[in-house]
>>> print(open('data-v5.cif').read())   # mmCIF, C-alpha atoms
data_model
loop_
_atom_site.label_atom_id
_atom_site.label_comp_id
_atom_site.auth_asym_id
_atom_site.auth_seq_id
_atom_site.Cartn_x
_atom_site.Cartn_y
_atom_site.Cartn_z
CA MET F 275 21.15 21.92 19.79
CA GLU F 276 19.79 18.59 18.61
CA ASP F 277 21.90 16.73 16.12
CA PHE F 278 20.83 16.04 12.56
CA GLY F 279 19.83 12.41 13.07
CA THR F 280 17.59 13.22 16.02
CA GLN F 281 15.70 15.68 13.89
CA VAL F 282 15.43 13.37 10.88
CA VAL F 283 13.91 10.42 12.75
CA PRO F 284 10.48 12.05 13.25
CA VAL F 285 10.39 12.81 9.51
CA ILE F 286 10.88 9.15 8.49
CA PRO F 287 7.17 8.19 8.63
CA ARG F 288 6.39 11.01 6.19
CA LEU F 289 9.16 9.83 3.89
CA ARG F 290 7.78 6.30 4.00
CA ARG F 291 4.27 7.46 3.18
CA TYR F 292 5.47 9.51 0.23
CA ALA F 293 7.79 6.75 -0.99
CA ARG F 294 5.03 4.17 -0.87
CA ALA F 295 2.64 6.32 -2.83
CA LEU F 296 5.40 7.18 -5.26
CA THR F 297 6.64 3.65 -5.94
CA GLY F 298 3.56 1.55 -5.19
CA GLY F 299 5.43 -1.09 -3.20
CA HIS F 300 6.41 -1.51 0.43
CA LEU F 301 9.79 -3.05 -0.24
CA ILE F 302 10.89 -0.74 -2.99
CA ALA F 303 9.60 2.21 -0.96
CA ASP F 304 11.70 1.31 2.06
CA ASP F 305 14.71 0.88 -0.23
CA LEU F 306 14.09 4.40 -1.45
CA VAL F 307 13.74 5.70 2.11
CA GLN F 308 16.93 3.94 3.10
CA ASP F 309 18.88 5.36 0.17
CA THR F 310 17.44 8.79 0.94
CA LEU F 311 18.47 8.62 4.58
CA GLU F 312 21.96 7.51 3.62
CA ARG F 313 22.33 10.33 1.15
CA ALA F 314 20.91 12.87 3.59
CA TRP F 315 23.37 11.69 6.22
CA THR F 316 26.38 12.13 3.94
CA LYS F 317 25.07 15.51 2.73
CA ARG F 318 23.88 16.74 6.11
CA HIS F 319 26.34 19.64 6.10
CA LEU F 320 24.30 21.10 3.21
CA TRP F 321 21.17 21.43 5.30
CA ARG F 322 20.75 24.86 6.85
CA GLU F 323 19.94 24.51 10.53
CA GLY F 324 16.54 26.04 11.18
CA SER F 325 15.17 25.60 7.67
CA ASP F 326 12.36 23.13 6.97
CA LEU F 327 14.00 19.72 7.28
CA ARG F 328 10.96 17.91 5.87
CA ALA F 329 11.08 19.82 2.58
CA TRP F 330 14.83 19.29 2.41
CA MET F 331 14.40 15.54 2.92
CA PHE F 332 11.79 15.43 0.15
CA THR F 333 14.31 17.17 -2.10
CA VAL F 334 16.93 14.56 -1.28
CA MET F 335 14.40 11.80 -1.92
CA HIS F 336 13.42 13.32 -5.25
CA ASN F 337 17.05 13.37 -6.35
CA VAL F 338 17.63 9.80 -5.24
CA TYR F 339 14.42 8.70 -6.93
CA VAL F 340 15.32 10.36 -10.20
CA ASN F 341 18.88 9.09 -10.19
CA GLN F 342 18.41 5.54 -9.04
CA VAL F 343 14.97 4.14 -8.56
CA ARG F 344 13.31 5.42 -11.66
CA ALA F 345 15.54 3.33 -13.88
CA ARG F 346 14.85 0.25 -11.75
CA ILE F 347 11.09 0.67 -11.87
CA ALA F 348 11.13 1.40 -15.56
CA ASP F 349 12.38 -2.12 -16.08
CA ALA F 350 9.37 -3.59 -14.36
CA VAL F 351 6.52 -1.21 -15.15
CA THR F 352 5.63 0.35 -18.45
CA PRO F 353 3.47 3.43 -17.90
CA LEU F 354 0.16 3.10 -19.63
CA ASP F 355 -0.67 5.75 -22.17
CA VAL F 356 -4.09 6.75 -20.93
CA GLU F 357 -4.88 8.86 -23.96
CA ALA F 358 -4.35 5.88 -26.23
CA LEU F 359 -6.96 3.90 -24.33
CA ASN F 360 -10.40 3.93 -25.76
CA ILE F 361 -12.27 3.82 -22.48
CA PRO F 362 -15.96 3.09 -22.87
CA VAL F 363 -18.05 5.38 -20.72
CA ARG F 364 -20.74 3.06 -19.41
CA ASP F 365 -20.21 -0.65 -19.47
CA ASN F 366 -18.54 -3.28 -17.35
CA ALA F 367 -15.06 -2.06 -18.13
CA ALA F 368 -15.97 1.44 -16.99
CA ASP F 369 -17.46 0.03 -13.79
CA MET F 370 -14.20 -1.76 -13.11
CA LEU F 371 -12.28 1.44 -13.63
CA GLU F 372 -14.50 3.15 -11.11
CA VAL F 373 -13.81 0.63 -8.39
CA ALA F 374 -10.08 0.63 -9.10
CA ASP F 375 -8.44 2.40 -6.19
CA ILE F 376 -6.39 5.53 -6.39
CA ASP F 377 -3.17 3.56 -6.00
CA VAL F 378 -3.84 1.82 -9.30
CA ALA F 379 -4.55 5.16 -10.95
CA LEU F 380 -1.30 6.62 -9.59
CA ARG F 381 0.69 3.86 -11.25
CA LYS F 382 -0.64 5.03 -14.59
CA LEU F 383 0.61 8.59 -14.18
CA PRO F 384 3.97 9.70 -15.55
CA ASP F 385 6.53 10.06 -12.75
CA ASP F 386 6.69 13.85 -12.93
CA GLN F 387 2.91 14.23 -12.60
CA ARG F 388 2.71 11.69 -9.80
CA GLU F 389 5.40 13.48 -7.79
CA VAL F 390 3.61 16.82 -8.04
CA LEU F 391 0.23 15.37 -7.15
CA LEU F 392 1.60 13.55 -4.12
CA LEU F 393 3.65 16.44 -2.77
CA VAL F 394 0.67 18.78 -3.03
CA ALA F 395 -2.31 16.54 -2.28
CA LEU F 396 -0.81 13.99 0.11
CA GLU F 397 2.14 15.77 1.69
CA GLN F 398 0.36 19.13 1.58
CA LEU F 399 3.39 21.12 0.56
CA SER F 400 2.69 24.57 -0.81
CA TYR F 401 3.07 25.05 -4.56
CA GLY F 402 6.24 27.02 -3.90
CA GLU F 403 7.72 24.30 -1.71
CA THR F 404 6.80 21.67 -4.29
CA ALA F 405 8.52 23.70 -7.00
CA ALA F 406 11.63 24.00 -4.84
CA VAL F 407 11.70 20.28 -4.01
CA LEU F 408 11.42 19.28 -7.66
CA GLY F 409 13.57 22.11 -8.99
CA ILE F 410 10.91 23.32 -11.44
CA PRO F 411 8.99 26.61 -11.85
CA VAL F 412 5.68 27.01 -10.00
CA GLY F 413 3.90 27.27 -13.36
CA THR F 414 5.12 23.79 -14.23
CA VAL F 415 3.88 22.52 -10.87
CA MET F 416 0.43 23.90 -11.68
CA SER F 417 0.19 22.40 -15.14
CA ARG F 418 1.45 18.99 -13.99
CA LEU F 419 -0.96 19.09 -11.06
CA PHE F 420 -3.86 19.81 -13.36
CA ARG F 421 -2.91 17.06 -15.81
CA ALA F 422 -2.38 14.54 -13.01
CA ARG F 423 -5.76 15.28 -11.46
CA GLU F 424 -7.58 15.08 -14.75
CA ARG F 425 -5.98 11.74 -15.55
CA VAL F 426 -6.82 10.31 -12.18
CA ARG F 427 -10.37 11.60 -12.53
CA VAL F 428 -10.76 9.78 -15.81
CA LEU F 429 -9.13 6.62 -14.46
CA LEU F 430 -11.41 6.56 -11.44
CA GLY F 431 -14.42 6.91 -13.72
CA ASP F 432 -15.24 10.30 -12.31
CA ALA F 433 -15.32 11.97 -15.73
CA PRO F 434 -16.48 10.71 -19.10
CA VAL F 435 -13.48 10.86 -21.39
CA ALA F 436 -15.14 12.86 -24.15
CA ALA F 437 -16.63 15.48 -21.84
CA GLN F 438 -13.34 15.84 -20.05
CA ALA F 439 -11.51 16.49 -23.29
CA THR F 440 -13.80 19.36 -24.30
CA GLN F 441 -13.66 20.91 -20.87
CA THR F 442 -9.92 20.88 -20.66
CA ALA F 443 -9.57 22.37 -24.12
CA LEU F 444 -11.25 25.52 -22.78
CA LYS F 445 -8.99 25.87 -19.80
CA VAL F 446 -6.12 28.30 -19.67
CA ILE F 447 -3.13 26.89 -17.87
CA LYS F 448 -1.08 29.50 -16.15
CA MET Y 107 -22.50 39.37 -18.84
CA THR Y 108 -18.91 39.66 -17.76
CA LYS Y 109 -17.01 36.43 -17.30
CA PRO Y 110 -14.58 36.63 -14.41
CA ALA Y 111 -11.01 35.99 -15.50
CA ILE Y 112 -10.31 32.76 -13.67
CA THR Y 113 -7.22 30.68 -14.30
CA GLU Y 114 -6.94 26.96 -13.89
CA ALA Y 115 -4.19 27.56 -11.34
CA GLU Y 116 -6.66 29.46 -9.16
CA LEU Y 117 -9.13 26.59 -9.34
CA GLN Y 118 -6.42 24.13 -8.32
CA ALA Y 119 -5.46 26.45 -5.45
CA HIS Y 120 -9.10 26.50 -4.37
CA VAL Y 121 -8.96 22.70 -4.01
CA ASP Y 122 -5.73 22.79 -2.01
CA GLY Y 123 -6.65 25.68 0.26
CA GLN Y 124 -3.85 27.73 -1.27
CA LEU Y 125 -5.98 30.38 -2.93
CA PRO Y 126 -4.92 33.92 -1.95
CA GLU Y 127 -7.60 35.70 0.04
CA ALA Y 128 -7.90 38.39 -2.64
CA ALA Y 129 -8.95 35.90 -5.31
CA ARG Y 130 -11.51 34.05 -3.25
CA ALA Y 131 -14.56 36.17 -4.05
CA ARG Y 132 -13.86 36.01 -7.80
CA VAL Y 133 -13.41 32.25 -7.75
CA ASP Y 134 -16.51 31.72 -5.61
CA ALA Y 135 -18.56 33.81 -8.03
CA TYR Y 136 -17.24 31.80 -10.97
CA LEU Y 137 -18.05 28.50 -9.27
CA GLY Y 138 -21.53 29.78 -8.44
CA GLU Y 139 -22.21 30.07 -12.15
CA ASN Y 140 -20.47 26.86 -13.20
CA PRO Y 141 -21.83 23.79 -11.40
CA HIS Y 142 -19.84 21.44 -13.66
CA GLU Y 143 -16.66 23.08 -12.40
CA VAL Y 144 -17.81 22.62 -8.81
CA ARG Y 145 -18.25 18.95 -9.63
CA ARG Y 146 -14.81 18.71 -11.19
CA LEU Y 147 -13.14 20.35 -8.19
CA ALA Y 148 -15.08 18.10 -5.83
CA GLY Y 149 -13.56 15.19 -7.73
CA TYR Y 150 -10.10 16.61 -7.05
CA SER Y 151 -10.90 16.99 -3.36
CA ALA Y 152 -12.05 13.38 -3.30
CA GLN Y 153 -8.69 12.41 -4.80
CA ASN Y 154 -6.90 14.23 -1.97
CA GLN Y 155 -9.01 12.36 0.54
CA GLY Y 156 -8.45 9.07 -1.29
CA LEU Y 157 -4.69 9.55 -1.12
CA HIS Y 158 -4.85 10.08 2.63
CA ASP Y 159 -7.14 7.10 3.10
CA THR Y 160 -4.78 4.91 1.11
CA TYR Y 161 -1.40 5.96 2.44
CA ASP Y 162 -1.79 7.59 5.85
CA HIS Y 163 -1.47 4.26 7.63
CA ALA Y 164 2.24 4.44 6.77
CA LEU Y 165 2.49 7.22 9.36
CA ASP Y 166 1.32 4.92 12.14
CA GLU Y 167 3.68 2.06 11.40
CA ALA Y 168 6.73 1.50 13.55
CA VAL Y 169 9.83 2.67 11.69
CA PRO Y 170 12.16 -0.29 11.12
CA ALA Y 171 15.35 -0.07 13.13
CA HIS Y 172 17.52 -0.45 10.04
CA LEU Y 173 16.14 2.84 8.67
CA ILE Y 174 16.79 4.69 11.90
CA ALA Y 175 20.29 3.24 11.90
CA ARG Y 176 21.01 5.09 8.63
CA VAL Y 177 20.98 8.44 10.37
CA ARG Y 178 22.14 7.42 13.80
CA GLY Y 179 25.61 8.96 13.93
CA ARG Y 180 28.32 7.33 15.94
CA GLY Y 181 27.41 8.13 19.47
CA GLY Y 182 25.04 9.03 22.17
CA TRP Y 183 21.40 9.22 21.36
CA CYS Y 184 21.31 6.28 18.97
CA GLY Y 185 21.40 3.94 21.97
CA THR Y 186 18.00 5.07 23.08
CA TRP Y 187 16.51 4.42 19.65
CA LEU Y 188 18.05 1.00 19.38
CA ALA Y 189 16.72 0.19 22.81
CA ARG Y 190 13.30 1.31 21.74
CA ALA Y 191 13.25 -0.60 18.50
CA PRO Y 192 12.28 -3.98 20.02
CA VAL Y 193 9.50 -2.27 21.94
CA MET Y 194 8.18 -0.93 18.66
CA ARG Y 195 8.38 -4.39 17.17
CA TYR Y 196 6.33 -5.82 20.00
CA ALA Y 197 3.89 -2.99 19.53
CA ALA Y 198 3.50 -3.97 15.89
CA VAL Y 199 2.87 -7.60 16.85
CA LEU Y 200 0.37 -6.52 19.47
CA ALA Y 201 -1.40 -4.28 16.97
CA TRP Y 202 -1.66 -7.19 14.56
CA LEU Y 203 -3.11 -9.43 17.24
CA VAL Y 204 -5.67 -6.80 18.22
CA PHE Y 205 -6.58 -6.30 14.58
CA GLY Y 206 -6.91 -10.05 14.06
CA GLY Y 207 -8.98 -10.28 17.19
CA LEU Y 208 -11.33 -7.62 15.93
CA ILE Y 209 -11.77 -9.37 12.61
CA GLY Y 210 -12.23 -12.67 14.38
CA TRP Y 211 -14.84 -11.09 16.57
CA GLN Y 212 -16.52 -9.72 13.47
CA LEU Y 213 -16.53 -13.15 11.83
CA ARG Y 214 -18.10 -14.59 14.94
CA GLY Y 215 -20.62 -11.80 15.28
CA MET Y 216 -21.92 -12.35 11.79
CA GLN Y 217 -22.75 -15.96 12.42
CA GLY Y 218 -25.92 -17.51 13.74
CA GLY Y 219 -26.10 -18.88 17.29
CA SER Y 220 -25.35 -22.55 16.70
CA GLU Y 221 -22.70 -21.75 14.15
CA SER Y 222 -20.95 -19.39 16.51
CA ALA Y 223 -20.82 -22.13 19.13
CA ARG Y 224 -19.13 -24.32 16.55
CA ALA Y 225 -16.73 -21.54 15.63
CA ALA Y 226 -15.79 -21.08 19.25
CA ALA Y 227 -15.01 -24.76 19.44
CA ALA Y 228 -12.98 -24.73 16.24
CA PRO Y 229 -9.28 -24.98 16.97
CA SER Y 230 -7.54 -21.66 17.05
CA PHE Y 231 -5.08 -22.64 14.33
CA ALA Y 232 -7.79 -22.81 11.68
CA ARG Y 233 -9.30 -19.64 13.03
CA GLN Y 234 -6.00 -17.76 12.88
CA ALA Y 235 -5.50 -18.97 9.33
CA ALA Y 236 -8.97 -17.74 8.37
CA ILE Y 237 -8.31 -14.37 10.00
CA ALA Y 238 -5.00 -14.01 8.15
CA HIS Y 239 -6.80 -14.95 4.95
CA VAL Y 240 -9.47 -12.29 5.50
CA VAL Y 241 -6.88 -9.64 6.31
CA TYR Y 242 -4.54 -10.14 3.37
CA SER Y 243 -6.38 -11.76 0.49
CA PRO Y 244 -8.43 -8.62 -0.41
CA GLU Y 245 -5.24 -6.54 -0.73
CA VAL Y 246 -4.91 -5.15 -4.22
CA ARG Y 247 -1.47 -3.63 -4.14
CA HIS Y 248 0.23 -5.39 -1.25
CA PRO Y 249 -1.17 -8.89 -0.92
CA VAL Y 250 2.30 -10.26 -0.21
CA GLU Y 251 5.63 -9.00 1.06
CA VAL Y 252 7.71 -10.93 -1.44
CA GLY Y 253 6.30 -11.76 -4.84
CA ALA Y 254 6.43 -14.99 -6.78
CA ASP Y 255 9.02 -13.43 -9.07
CA GLN Y 256 11.49 -13.82 -6.19
CA GLU Y 257 10.38 -17.27 -5.17
CA ALA Y 258 13.81 -18.60 -4.23
CA HIS Y 259 14.37 -15.63 -1.94
CA LEU Y 260 10.85 -15.98 -0.54
CA VAL Y 261 11.30 -19.64 0.39
CA ALA Y 262 14.76 -19.12 1.83
CA TRP Y 263 13.62 -16.15 3.89
CA LEU Y 264 10.46 -17.73 5.28
CA SER Y 265 12.22 -21.04 5.96
CA LYS Y 266 14.84 -19.22 7.96
CA ARG Y 267 12.34 -17.20 9.92
CA ILE Y 268 9.97 -19.98 10.86
CA GLY Y 269 12.84 -22.35 11.50
CA ALA Y 270 11.97 -25.18 9.12
CA GLN Y 271 12.66 -25.93 5.48
CA LEU Y 272 9.55 -24.95 3.52
CA ARG Y 273 8.48 -26.00 0.09
CA VAL Y 274 6.00 -24.17 -2.07
CA PRO Y 275 3.44 -26.38 -3.76
CA ARG Y 276 2.75 -25.82 -7.45
CA LEU Y 277 -0.96 -25.54 -8.02
CA ALA Y 278 -1.05 -24.67 -11.72
CA GLU Y 279 -2.79 -27.96 -12.43
CA GLN Y 280 -5.54 -26.91 -10.04
CA GLY Y 281 -5.68 -23.50 -11.75
CA TYR Y 282 -3.86 -21.49 -9.10
CA SER Y 283 -0.60 -19.62 -9.45
CA LEU Y 284 1.62 -18.36 -6.67
CA VAL Y 285 1.28 -14.65 -5.86
CA GLY Y 286 3.96 -14.66 -3.17
CA GLY Y 287 4.19 -14.83 0.58
CA ARG Y 288 4.57 -12.97 3.80
CA LEU Y 289 5.70 -13.47 7.37
CA LEU Y 290 3.12 -13.17 10.15
CA PRO Y 291 3.59 -13.03 13.90
CA GLY Y 292 2.89 -16.20 15.85
CA THR Y 293 0.48 -16.37 18.74
CA PRO Y 294 1.68 -15.28 22.20
CA ASP Y 295 2.20 -18.87 23.36
CA GLU Y 296 3.63 -20.14 20.06
CA ARG Y 297 6.23 -17.54 19.48
CA ALA Y 298 7.58 -18.82 16.18
CA PRO Y 299 6.34 -16.67 13.32
CA ILE Y 300 4.07 -18.03 10.63
CA ALA Y 301 4.45 -18.13 6.86
CA GLN Y 302 1.60 -17.33 4.53
CA PHE Y 303 1.67 -18.19 0.84
CA MET Y 304 -0.94 -16.73 -1.44
CA TYR Y 305 -2.28 -18.18 -4.66
CA GLN Y 306 -4.83 -16.94 -7.10
CA ASP Y 307 -6.70 -18.30 -10.09
CA ALA Y 308 -7.35 -16.61 -13.41
CA LYS Y 309 -10.40 -14.84 -12.00
CA GLY Y 310 -8.44 -13.42 -9.08
CA GLN Y 311 -9.96 -15.82 -6.53
CA ARG Y 312 -7.37 -16.21 -3.80
CA LEU Y 313 -6.32 -19.04 -1.54
CA THR Y 314 -3.83 -18.78 1.28
CA LEU Y 315 -1.63 -21.50 2.69
CA TYR Y 316 -0.73 -20.80 6.30
CA VAL Y 317 2.28 -22.72 7.62
CA ARG Y 318 3.71 -22.83 11.10
CA SER Y 319 6.45 -25.00 12.53
CA ASP Y 320 6.18 -27.24 15.59
CA ALA Y 321 2.48 -27.17 15.06
CA ASP Y 322 1.09 -29.86 17.27
CA ARG Y 323 2.46 -32.52 19.55
CA SER Y 324 -0.14 -35.04 18.45
CA ARG Y 325 1.38 -35.57 14.98
CA GLU Y 326 -2.10 -35.47 13.57
CA THR Y 327 -2.05 -35.96 9.82
CA ALA Y 328 -5.73 -36.27 8.93
CA PHE Y 329 -7.43 -33.45 7.09
CA ARG Y 330 -9.80 -31.42 9.16
CA PHE Y 331 -12.23 -28.83 7.99
CA ALA Y 332 -13.42 -25.65 9.68
CA GLN Y 333 -15.79 -23.04 8.40
CA GLU Y 334 -15.27 -19.46 9.57
CA LYS Y 335 -18.22 -17.56 8.14
CA ASN Y 336 -17.64 -17.82 4.38
CA ILE Y 337 -14.01 -18.88 4.67
CA GLY Y 338 -13.40 -22.61 4.49
CA VAL Y 339 -10.22 -23.95 6.06
CA PHE Y 340 -8.66 -27.37 5.57
CA TYR Y 341 -5.88 -27.95 8.05
CA TRP Y 342 -3.52 -30.72 8.90
CA VAL Y 343 -0.22 -31.38 10.61
CA ASP Y 344 2.60 -33.13 8.93
CA GLN Y 345 6.24 -33.61 9.85
CA LYS Y 346 6.33 -30.89 12.49
CA LEU Y 347 4.66 -28.39 10.22
CA GLY Y 348 1.06 -27.31 10.53
CA TYR Y 349 -0.75 -26.32 7.36
CA ALA Y 350 -4.03 -24.53 6.83
CA LEU Y 351 -5.44 -23.84 3.38
CA SER Y 352 -8.09 -21.11 3.43
CA GLY Y 353 -10.38 -19.77 0.77
CA ASP Y 354 -13.80 -18.42 0.05
CA ILE Y 355 -14.54 -21.25 -2.37
CA GLU Y 356 -16.70 -24.33 -2.43
CA LYS Y 357 -15.66 -27.01 0.06
CA ASN Y 358 -14.99 -29.80 -2.45
CA GLU Y 359 -12.92 -27.48 -4.61
CA LEU Y 360 -10.90 -26.45 -1.59
CA LEU Y 361 -10.42 -30.09 -0.62
CA ARG Y 362 -9.18 -30.88 -4.12
CA VAL Y 363 -6.51 -28.17 -3.79
CA ALA Y 364 -5.66 -29.24 -0.23
CA HIS Y 365 -5.04 -32.78 -1.49
CA ALA Y 366 -2.75 -31.46 -4.19
CA VAL Y 367 -0.81 -29.48 -1.60
CA TYR Y 368 -0.52 -32.48 0.66
CA GLN Y 369 0.61 -34.80 -2.11
CA GLN Y 370 3.26 -32.43 -3.34
CA LEU Y 371 4.67 -32.00 0.14
CA ASN Y 372 4.74 -35.78 0.58
CA PRO Y 373 5.91 -37.19 -2.74
#
>>> encode(input="data-v5.cif", output="structure tokens")
Amino acid sequence: MEDFGTQVVPVIPRLRRYARALTGGHLIADDLVQDTLERAWTKRHLWREGSDLRAWMFTVMHNVYVNQVRARIADAVTPLDVEALNIPVRDNAADMLEVADIDVALRKLPDDQREVLLLVALEQLSYGETAAVLGIPVGTVMSRLFRARERVRVLLGDAPVAAQATQTALKVIK
Amino acid sequence: MTKPAITEAELQAHVDGQLPEAARARVDAYLGENPHEVRRLAGYSAQNQGLHDTYDHALDEAVPAHLIARVRGRGGWCGTWLARAPVMRYAAVLAWLVFGGLIGWQLRGMQGGSESARAAAAPSFARQAAIAHVVYSPEVRHPVEVGADQEAHLVAWLSKRIGAQLRVPRLAEQGYSLVGGRLLPGTPDERAPIAQFMYQDAKGQRLTLYVRSDADRSRETAFRFAQEKNIGVFYWVDQKLGYALSGDIEKNELLRVAHAVYQQLNP
């Protein structure tokens, strides 16, 4: 039987990828990974041998992120209220939005939407796994996922704001 | 005409490949009739791809030893990982050199014949500085490792690593503010690492100041200029430190900034 640490090491690159996308910075991301690994190590008796270690590590990271890092980042970054922006559809400003990369768009999402989008779209967890990691119902995962994707679409200039608003009004979120 | 009862959750699942087999035909039929929805979902798929393009490189990076140490237990297997850590570090340095080489090759390849002969003759220090400039200055999110907001830490850290007391010139008068800095690997024969400071003006135009210690035995202090494709580099050696200021700006403008750097470092 391999010990806990041996099994965690191969998961670290995934944790770093997720942490970087989540926090937007290399240094702060590795701090998050480090805190996560420390916490996982002290709580390792709670992990059930044979269950998916990756999902468990994401759960630990989520808890660490919520408890510690979120407060730190909140000091430095104020999330932009996208709805309050009057984004012109076709002028220079819109062109700039289109070239802005997805990392910039992610920074403008609320934390809870960003986590869902990244776990599903980047880490390719199932909706059920994502719900378990974040401790929320699957229905909440789906509605956050939809809102995150729509926001990013608008931010990347992929959807005119007005058209997007009418479309989403017709959608039933389950 | 009967509208199929499609939920948004099913459309999201279609994007993520998590749609149950039983729902597929219904969703496909709905999408067949709604091209604007196909477009919207294609946008979501492009986001998925964009996330991978942006962050997947994190998977290929060597994991720092201090992270592995967090879960290494007290005994046994940790020894092997610690032993491997330096190898991984060398691998990272090697990867950087290969990457730099590729970019250098690209710079050379894009030049005309006579210019490329000149580039080949240009001292490698200026060339390395230009390569480092090309690699890091376009970075949007991670142009530097330590930002200007932690300048004291940045200077102390880089000074310690390159083995010489560094000072950061203030270029506000020339219209440039400090973005921050990073540590770069030295060349195979000059093993001391290299410090790179990045500046930018109000329009986002970036300059990098590349500093290495024990630069040249000749104690050369005159300004020299090298042109690597569109990157101009002024470089000089002063008090055991070699400096190279690189930027994609007009030569006289670059010289003006280089003079300011020089004067501040030699009050």
>>> atom_distance(input="data-v5.cif", atom1="atom CA of Arg288 of chain F", atom2="atom CA of Leu165 of chain Y")
6.3 Å
>>> resolve_selection(input="data-v5.cif", expression="the PyMOL selection byres ((chain Y) within 9 of (chain F))", output="tab-separated table (two decimals) with C-alpha atoms, keeping the file's coordinate frame")
chain	number	residue	atom	x	y	z
Y	112	ILE	CA	-10.31	32.76	-13.67
Y	113	THR	CA	-7.22	30.68	-14.30
Y	114	GLU	CA	-6.94	26.96	-13.89
Y	115	ALA	CA	-4.19	27.56	-11.34
Y	116	GLU	CA	-6.66	29.46	-9.16
Y	118	GLN	CA	-6.42	24.13	-8.32
Y	119	ALA	CA	-5.46	26.45	-5.45
Y	122	ASP	CA	-5.73	22.79	-2.01
Y	124	GLN	CA	-3.85	27.73	-1.27
Y	146	ARG	CA	-14.81	18.71	-11.19
Y	149	GLY	CA	-13.56	15.19	-7.73
Y	150	TYR	CA	-10.10	16.61	-7.05
Y	151	SER	CA	-10.90	16.99	-3.36
Y	153	GLN	CA	-8.69	12.41	-4.80
Y	154	ASN	CA	-6.90	14.23	-1.97
Y	155	GLN	CA	-9.01	12.36	0.54
Y	156	GLY	CA	-8.45	9.07	-1.29
Y	157	LEU	CA	-4.69	9.55	-1.12
Y	158	HIS	CA	-4.85	10.08	2.63
Y	160	THR	CA	-4.78	4.91	1.11
Y	161	TYR	CA	-1.40	5.96	2.44
Y	162	ASP	CA	-1.79	7.59	5.85
Y	163	HIS	CA	-1.47	4.26	7.63
Y	164	ALA	CA	2.24	4.44	6.77
Y	165	LEU	CA	2.49	7.22	9.36
Y	166	ASP	CA	1.32	4.92	12.14
Y	167	GLU	CA	3.68	2.06	11.40
Y	168	ALA	CA	6.73	1.50	13.55
Y	169	VAL	CA	9.83	2.67	11.69
Y	172	HIS	CA	17.52	-0.45	10.04
Y	173	LEU	CA	16.14	2.84	8.67
Y	174	ILE	CA	16.79	4.69	11.90
Y	176	ARG	CA	21.01	5.09	8.63
Y	177	VAL	CA	20.98	8.44	10.37
Y	178	ARG	CA	22.14	7.42	13.80
Y	179	GLY	CA	25.61	8.96	13.93
Y	183	TRP	CA	21.40	9.22	21.36
Y	184	CYS	CA	21.31	6.28	18.97
Y	246	VAL	CA	-4.91	-5.15	-4.22
Y	247	ARG	CA	-1.47	-3.63	-4.14
Y	248	HIS	CA	0.23	-5.39	-1.25
Y	251	GLU	CA	5.63	-9.00	1.06
Y	252	VAL	CA	7.71	-10.93	-1.44
>>> closest_residue(input="data-v5.cif", among="Y:Tyr316, Y:Pro126, Y:Pro244, Y:Asp307", to="Leu277 of chain Y", atoms="all atoms listed in the file")
Y:Asp307
>>> atom_distance(input="data-v5.cif", atom1="atom CA of Gly310 of chain Y", atom2="atom CA of Gly348 of chain Y")
25.8 Å
>>> atom_distance(input="data-v5.cif", atom1="atom CA of Ala270 of chain Y", atom2="atom CA of Tyr349 of chain Y")
12.9 Å
>>> closest_residue(input="data-v5.cif", among="Y:Ser243, Y:Gln256, Y:Asn372, Y:Gln280", to="Ile337 of chain Y", atoms="all atoms listed in the file")
Y:Ser243
>>> closest_residue(input="data-v5.cif", among="F:Gly431, F:Thr414, F:Val407, F:Arg421", to="Arg328 of chain F", atoms="only C-alpha atoms")
F:Val407
>>> resolve_selection(input="data-v5.cif", expression="the PyMOL selection byres ((chain Y and resi 312) around 9)", output="VMD selection string")
chain Y and resid 239 243 to 244 282 304 to 307 309 to 311 313 to 314 352 to 355
>>> write_last_selection(input="data-v5.cif", atoms="C-alpha atoms", output="CSV table (one decimal), in the frame of the given file")
chain,number,residue,atom,x,y,z
Y,239,HIS,CA,-6.8,-15.0,5.0
Y,243,SER,CA,-6.4,-11.8,0.5
Y,244,PRO,CA,-8.4,-8.6,-0.4
Y,282,TYR,CA,-3.9,-21.5,-9.1
Y,304,MET,CA,-0.9,-16.7,-1.4
Y,305,TYR,CA,-2.3,-18.2,-4.7
Y,306,GLN,CA,-4.8,-16.9,-7.1
Y,307,ASP,CA,-6.7,-18.3,-10.1
Y,309,LYS,CA,-10.4,-14.8,-12.0
Y,310,GLY,CA,-8.4,-13.4,-9.1
Y,311,GLN,CA,-10.0,-15.8,-6.5
Y,313,LEU,CA,-6.3,-19.0,-1.5
Y,314,THR,CA,-3.8,-18.8,1.3
Y,352,SER,CA,-8.1,-21.1,3.4
Y,353,GLY,CA,-10.4,-19.8,0.8
Y,354,ASP,CA,-13.8,-18.4,0.0
Y,355,ILE,CA,-14.5,-21.2,-2.4
>>> residues_around(input="data-v5.cif", residues="Ala366 of chain Y", least_positions_apart="5", cutoff="9 Å", atoms="all atoms listed in the file", output="ChimeraX atom specification")
/Y:275-277,279-280,361,371
